[in-house]
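Here is upload32.cif, consisting of mmCIF, N, CA, C and O atoms:
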data_upload
loop_
_atom_site.label_atom_id
_atom_site.label_comp_id
_atom_site.auth_asym_id
_atom_site.auth_seq_id
_atom_site.Cartn_x
_atom_site.Cartn_y
_atom_site.Cartn_z
N MET A 1 -9.00 -8.93 -1.76
CA MET A 1 -8.83 -7.61 -1.17
C MET A 1 -8.28 -6.68 -2.25
O MET A 1 -7.31 -7.00 -2.91
N LYS A 2 -8.90 -5.50 -2.39
CA LYS A 2 -8.43 -4.49 -3.33
C LYS A 2 -8.01 -3.26 -2.54
O LYS A 2 -8.65 -2.89 -1.56
N ILE A 3 -6.92 -2.64 -2.98
CA ILE A 3 -6.42 -1.45 -2.30
C ILE A 3 -6.11 -0.35 -3.30
O ILE A 3 -5.96 -0.61 -4.50
N ASP A 4 -5.98 0.85 -2.79
CA ASP A 4 -5.58 1.99 -3.60
C ASP A 4 -4.78 2.94 -2.71
O ASP A 4 -5.01 3.00 -1.50
N VAL A 5 -3.83 3.66 -3.30
CA VAL A 5 -3.06 4.65 -2.57
C VAL A 5 -3.47 6.02 -3.09
O VAL A 5 -3.37 6.31 -4.28
N ASN A 6 -3.93 6.86 -2.18
CA ASN A 6 -4.32 8.22 -2.52
C ASN A 6 -3.05 9.06 -2.60
O ASN A 6 -2.44 9.39 -1.58
N LYS A 7 -2.63 9.41 -3.82
CA LYS A 7 -1.38 10.15 -4.03
C LYS A 7 -1.43 11.54 -3.40
O LYS A 7 -0.40 12.09 -3.03
N ASP A 8 -2.62 12.12 -3.29
CA ASP A 8 -2.74 13.45 -2.69
C ASP A 8 -2.49 13.40 -1.19
O ASP A 8 -2.05 14.38 -0.60
N ALA A 9 -2.77 12.27 -0.56
CA ALA A 9 -2.58 12.12 0.88
C ALA A 9 -1.20 11.57 1.24
O ALA A 9 -0.69 11.82 2.33
N CYS A 10 -0.59 10.83 0.34
CA CYS A 10 0.70 10.18 0.61
C CYS A 10 1.79 11.23 0.79
O CYS A 10 1.90 12.19 0.03
N ILE A 11 2.62 11.02 1.84
CA ILE A 11 3.76 11.91 2.09
C ILE A 11 5.09 11.22 1.79
O ILE A 11 6.15 11.80 1.98
N GLY A 12 5.02 9.98 1.32
CA GLY A 12 6.23 9.27 0.92
C GLY A 12 7.10 8.79 2.06
O GLY A 12 8.32 8.68 1.90
N CYS A 13 6.51 8.47 3.20
CA CYS A 13 7.32 8.03 4.34
C CYS A 13 7.93 6.65 4.11
O CYS A 13 8.94 6.31 4.71
N GLY A 14 7.29 5.83 3.28
CA GLY A 14 7.84 4.53 2.93
C GLY A 14 7.53 3.40 3.89
O GLY A 14 8.03 2.29 3.71
N ALA A 15 6.70 3.66 4.90
CA ALA A 15 6.37 2.61 5.86
C ALA A 15 5.70 1.42 5.17
O ALA A 15 6.01 0.27 5.48
N CYS A 16 4.80 1.68 4.25
CA CYS A 16 4.09 0.59 3.58
C CYS A 16 5.04 -0.29 2.79
O CYS A 16 4.95 -1.53 2.84
N ALA A 17 5.97 0.33 2.07
CA ALA A 17 6.93 -0.44 1.28
C ALA A 17 7.88 -1.23 2.19
O ALA A 17 8.33 -2.32 1.83
N ALA A 18 8.18 -0.69 3.36
CA ALA A 18 9.04 -1.41 4.31
C ALA A 18 8.30 -2.59 4.92
O ALA A 18 8.89 -3.65 5.13
N ILE A 19 7.02 -2.41 5.20
CA ILE A 19 6.23 -3.47 5.82
C ILE A 19 5.87 -4.57 4.83
O ILE A 19 5.91 -5.75 5.15
N CYS A 20 5.52 -4.17 3.61
CA CYS A 20 5.04 -5.14 2.62
C CYS A 20 5.60 -4.81 1.22
O CYS A 20 4.86 -4.35 0.34
N PRO A 21 6.87 -5.06 1.01
CA PRO A 21 7.50 -4.73 -0.28
C PRO A 21 6.97 -5.55 -1.46
O PRO A 21 7.18 -5.17 -2.61
N ASP A 22 6.29 -6.65 -1.18
CA ASP A 22 5.71 -7.45 -2.26
C ASP A 22 4.50 -6.76 -2.88
O ASP A 22 4.10 -7.07 -4.00
N VAL A 23 3.90 -5.81 -2.15
CA VAL A 23 2.69 -5.14 -2.62
C VAL A 23 2.94 -3.66 -2.92
O VAL A 23 2.40 -3.12 -3.87
N PHE A 24 3.78 -2.99 -2.11
CA PHE A 24 3.99 -1.55 -2.26
C PHE A 24 5.40 -1.24 -2.72
O PHE A 24 6.35 -1.93 -2.37
N GLU A 25 5.52 -0.16 -3.50
CA GLU A 25 6.81 0.36 -3.91
C GLU A 25 6.69 1.88 -4.01
O GLU A 25 5.59 2.43 -4.04
N MET A 26 7.83 2.53 -4.05
CA MET A 26 7.84 3.98 -4.16
C MET A 26 8.05 4.35 -5.63
O MET A 26 8.88 3.75 -6.32
N ASP A 27 7.26 5.33 -6.11
CA ASP A 27 7.37 5.73 -7.51
C ASP A 27 8.49 6.75 -7.71
O ASP A 27 9.22 7.08 -6.76
N ASP A 28 8.63 7.27 -8.93
CA ASP A 28 9.70 8.21 -9.24
C ASP A 28 9.58 9.53 -8.49
O ASP A 28 10.56 10.25 -8.35
N GLU A 29 8.38 9.83 -7.99
CA GLU A 29 8.17 11.07 -7.23
C GLU A 29 8.35 10.85 -5.73
O GLU A 29 8.15 11.76 -4.93
N GLY A 30 8.69 9.61 -5.34
CA GLY A 30 8.89 9.30 -3.93
C GLY A 30 7.61 9.00 -3.18
O GLY A 30 7.60 9.01 -1.96
N LEU A 31 6.53 8.74 -3.92
CA LEU A 31 5.25 8.42 -3.30
C LEU A 31 4.96 6.94 -3.43
O LEU A 31 5.44 6.28 -4.36
N SER A 32 4.16 6.44 -2.53
CA SER A 32 3.83 5.01 -2.54
C SER A 32 2.87 4.68 -3.68
O SER A 32 2.04 5.50 -4.09
N MET A 33 3.00 3.47 -4.15
CA MET A 33 2.05 2.93 -5.12
C MET A 33 1.92 1.43 -4.91
O MET A 33 2.85 0.78 -4.45
N ALA A 34 0.74 0.93 -5.21
CA ALA A 34 0.52 -0.51 -5.13
C ALA A 34 0.99 -1.14 -6.43
O ALA A 34 0.67 -0.63 -7.51
N LYS A 35 1.75 -2.21 -6.34
CA LYS A 35 2.20 -2.90 -7.54
C LYS A 35 1.01 -3.50 -8.29
O LYS A 35 1.00 -3.54 -9.51
N GLU A 36 0.03 -3.96 -7.53
CA GLU A 36 -1.22 -4.49 -8.07
C GLU A 36 -2.33 -4.01 -7.16
O GLU A 36 -2.17 -3.98 -5.95
N ASN A 37 -3.47 -3.65 -7.71
CA ASN A 37 -4.60 -3.22 -6.86
C ASN A 37 -5.27 -4.40 -6.19
O ASN A 37 -5.86 -4.26 -5.13
N GLU A 38 -5.20 -5.57 -6.81
CA GLU A 38 -5.78 -6.79 -6.23
C GLU A 38 -4.68 -7.49 -5.44
O GLU A 38 -3.65 -7.88 -6.00
N VAL A 39 -4.88 -7.61 -4.14
CA VAL A 39 -3.87 -8.19 -3.26
C VAL A 39 -4.17 -9.66 -3.00
O VAL A 39 -5.28 -10.02 -2.62
N SER A 40 -3.15 -10.49 -3.17
CA SER A 40 -3.27 -11.91 -2.89
C SER A 40 -3.51 -12.13 -1.39
O SER A 40 -3.01 -11.38 -0.55
N SER A 41 -4.24 -13.16 -1.07
CA SER A 41 -4.57 -13.45 0.33
C SER A 41 -3.32 -13.70 1.18
O SER A 41 -3.33 -13.46 2.39
N GLU A 42 -2.24 -14.14 0.56
CA GLU A 42 -1.02 -14.40 1.32
C GLU A 42 -0.40 -13.11 1.90
O GLU A 42 0.36 -13.16 2.86
N PHE A 43 -0.73 -11.95 1.33
CA PHE A 43 -0.19 -10.68 1.80
C PHE A 43 -1.19 -9.88 2.61
O PHE A 43 -0.89 -8.76 3.04
N LYS A 44 -2.38 -10.41 2.84
CA LYS A 44 -3.46 -9.65 3.47
C LYS A 44 -3.06 -9.07 4.83
O LYS A 44 -3.28 -7.89 5.10
N GLU A 45 -2.46 -9.87 5.70
CA GLU A 45 -2.09 -9.39 7.04
C GLU A 45 -1.06 -8.27 6.97
O GLU A 45 -1.16 -7.28 7.70
N ASP A 46 -0.08 -8.41 6.07
CA ASP A 46 0.93 -7.36 5.92
C ASP A 46 0.32 -6.09 5.36
O ASP A 46 0.70 -4.99 5.76
N VAL A 47 -0.62 -6.22 4.43
CA VAL A 47 -1.28 -5.04 3.87
C VAL A 47 -2.10 -4.33 4.94
O VAL A 47 -2.08 -3.10 5.03
N ILE A 48 -2.78 -5.08 5.77
CA ILE A 48 -3.55 -4.47 6.87
C ILE A 48 -2.59 -3.73 7.81
O ILE A 48 -2.89 -2.62 8.25
N ASP A 49 -1.43 -4.32 8.10
CA ASP A 49 -0.43 -3.63 8.93
C ASP A 49 0.02 -2.33 8.26
O ASP A 49 0.19 -1.31 8.93
N ALA A 50 0.22 -2.37 6.94
CA ALA A 50 0.64 -1.18 6.20
C ALA A 50 -0.45 -0.11 6.25
O ALA A 50 -0.15 1.07 6.46
N ILE A 51 -1.70 -0.51 6.08
CA ILE A 51 -2.82 0.44 6.14
C ILE A 51 -2.86 1.10 7.51
O ILE A 51 -2.99 2.33 7.62
N GLU A 52 -2.73 0.30 8.56
CA GLU A 52 -2.79 0.83 9.92
C GLU A 52 -1.57 1.68 10.28
O GLU A 52 -1.65 2.55 11.14
N SER A 53 -0.45 1.45 9.60
CA SER A 53 0.79 2.18 9.89
C SER A 53 0.93 3.48 9.08
O SER A 53 1.79 4.29 9.39
N CYS A 54 0.11 3.65 8.07
CA CYS A 54 0.20 4.84 7.22
C CYS A 54 -0.17 6.08 8.04
O CYS A 54 -1.30 6.18 8.53
N PRO A 55 0.76 7.02 8.19
CA PRO A 55 0.48 8.19 9.04
C PRO A 55 -0.58 9.14 8.49
O PRO A 55 -1.14 9.92 9.24
N THR A 56 -0.87 9.06 7.20
CA THR A 56 -1.87 9.96 6.62
C THR A 56 -3.13 9.25 6.17
O THR A 56 -4.04 9.89 5.64
N GLY A 57 -3.18 7.93 6.35
CA GLY A 57 -4.36 7.18 5.91
C GLY A 57 -4.50 7.14 4.41
O GLY A 57 -5.62 7.05 3.88
N ALA A 58 -3.39 7.20 3.69
CA ALA A 58 -3.41 7.26 2.23
C ALA A 58 -3.78 5.93 1.57
O ALA A 58 -4.22 5.91 0.43
N ILE A 59 -3.61 4.83 2.29
CA ILE A 59 -3.92 3.52 1.72
C ILE A 59 -5.34 3.16 2.11
O ILE A 59 -5.68 3.15 3.30
N VAL A 60 -6.15 2.88 1.12
CA VAL A 60 -7.55 2.56 1.39
C VAL A 60 -7.91 1.22 0.77
O VAL A 60 -7.43 0.87 -0.30
N GLU A 61 -8.74 0.49 1.50
CA GLU A 61 -9.26 -0.77 0.96
C GLU A 61 -10.53 -0.43 0.18
O GLU A 61 -11.38 0.31 0.65
N GLN A 62 -10.60 -0.95 -1.02
CA GLN A 62 -11.76 -0.67 -1.88
C GLN A 62 -12.83 -1.67 -1.68
O GLN A 62 -12.64 -2.78 -1.42
#
Would you mind writing the file out in structure tokens?
Amino acid sequence: MKIDVNKDACIGCGACAAICPDVFEMDDEGLSMAKENEVSSEFKEDVIDAIESCPTGAIVEQ
């Protein structure tokens, strides 16, 4: 699974980092970023939860 965070859409709510801190973190501007674009299968369910919880749809599966 590959993901990307659209910085233009992200509002920095932090839900993704709270749901799946192994994959997402907040950058110096307070916006979400993926630590790695390629997500290990062990985090797939949490990443899907983060995608579904993003209020702006900023996280996209590639």
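Taking chain A and asking which residues DSSP calls strand (DSSP E or B) on the backbone, you get Lys2, Ile3, Asp4, Val5, Phe24, Glu25, Met26, Ser32, Met33, Ala34, Glu38, Ile59, Val60 and Glu61 of chain A.
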Fill in the blank from the handout: Using only C-alpha atoms, the best pick from A:Ala34, A:Val39, A:Ile3, A:Ala50 as closest to Cys16 in chain A would be A:Ala50
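When atom O of Asn37 in chain A is paired with atom O of Ala15 in chain A, their separation reads 16.6 Å.
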Please give the centre and size of the box around range 43-49 of chain A (axis-aligned, containing every atom listed in the file, 4 Å added per side), with values in Å to one decimal and written as lines of an AutoDock Vina configuration file.
center_x = -1.3
center_y = -6.6
center_z = 5.1
size_x = 12.5
size_y = 18.6
size_z = 15.6
Practice task
Name the residues captured by the PyMOL selection byres (((chain A and resi 11 and name CA) around 9) and name CA) when it is applied to the shown file; answer as a PyMOL selection string.
Solution key: chain A and resi 7-10+12-14+30-32+55-56+58
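Interatomic distance, atom C of Glu25 in chain A to CA of Val5 in chain A: 10.2 Å.
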Practice task
To verify the selection step, state as an NGL selection string which residues the PyMOL selection byres (((chain A and resi 40-46 and name CA) around 8) and name CA) yields on this input.
Solution key: :A and (1 or 19-20 or 22-23 or 38-39 or 47-50)
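CA of Glu36 in chain A sits 8.6 Å away from CA of Lys2 in chain A.
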Using the block above, I'd like range 9-20 of chain A written out, keeping N, CA, C and O atoms and formatting it as a short mmCIF file (atom, residue, chain, number, x, y, z; two decimals), in the first residue's frame.
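Saved as out13.cif:
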data_model
loop_
_atom_site.label_atom_id
_atom_site.label_comp_id
_atom_site.auth_asym_id
_atom_site.auth_seq_id
_atom_site.Cartn_x
_atom_site.Cartn_y
_atom_site.Cartn_z
N ALA A 9 -4.37 20.29 1.08
CA ALA A 9 -5.65 19.95 1.68
C ALA A 9 -5.57 19.76 3.19
O ALA A 9 -6.55 19.94 3.90
N CYS A 10 -4.40 19.42 3.70
CA CYS A 10 -4.22 19.14 5.13
C CYS A 10 -4.44 20.41 5.95
O CYS A 10 -3.93 21.48 5.62
N ILE A 11 -5.20 20.25 7.05
CA ILE A 11 -5.43 21.38 7.97
C ILE A 11 -4.69 21.19 9.30
O ILE A 11 -4.79 22.00 10.20
N GLY A 12 -3.94 20.08 9.40
CA GLY A 12 -3.13 19.85 10.59
C GLY A 12 -3.90 19.44 11.83
O GLY A 12 -3.47 19.72 12.94
N CYS A 13 -5.03 18.76 11.66
CA CYS A 13 -5.82 18.37 12.83
C CYS A 13 -5.13 17.30 13.66
O CYS A 13 -5.39 17.16 14.84
N GLY A 14 -4.27 16.50 13.03
CA GLY A 14 -3.49 15.51 13.77
C GLY A 14 -4.17 14.17 14.00
O GLY A 14 -3.62 13.31 14.68
N ALA A 15 -5.36 13.98 13.44
CA ALA A 15 -6.08 12.72 13.64
C ALA A 15 -5.27 11.54 13.11
O ALA A 15 -5.20 10.50 13.76
N CYS A 16 -4.65 11.69 11.96
CA CYS A 16 -3.89 10.59 11.38
C CYS A 16 -2.72 10.19 12.27
O CYS A 16 -2.47 8.99 12.48
N ALA A 17 -2.00 11.17 12.79
CA ALA A 17 -0.86 10.89 13.66
C ALA A 17 -1.32 10.26 14.98
O ALA A 17 -0.61 9.43 15.55
N ALA A 18 -2.50 10.63 15.45
CA ALA A 18 -3.03 10.03 16.67
C ALA A 18 -3.47 8.59 16.43
O ALA A 18 -3.27 7.73 17.29
N ILE A 19 -4.04 8.33 15.27
CA ILE A 19 -4.53 6.99 14.95
C ILE A 19 -3.38 6.04 14.60
O ILE A 19 -3.38 4.89 15.02
N CYS A 20 -2.41 6.54 13.85
CA CYS A 20 -1.32 5.67 13.38
C CYS A 20 0.03 6.41 13.44
O CYS A 20 0.59 6.79 12.40
#
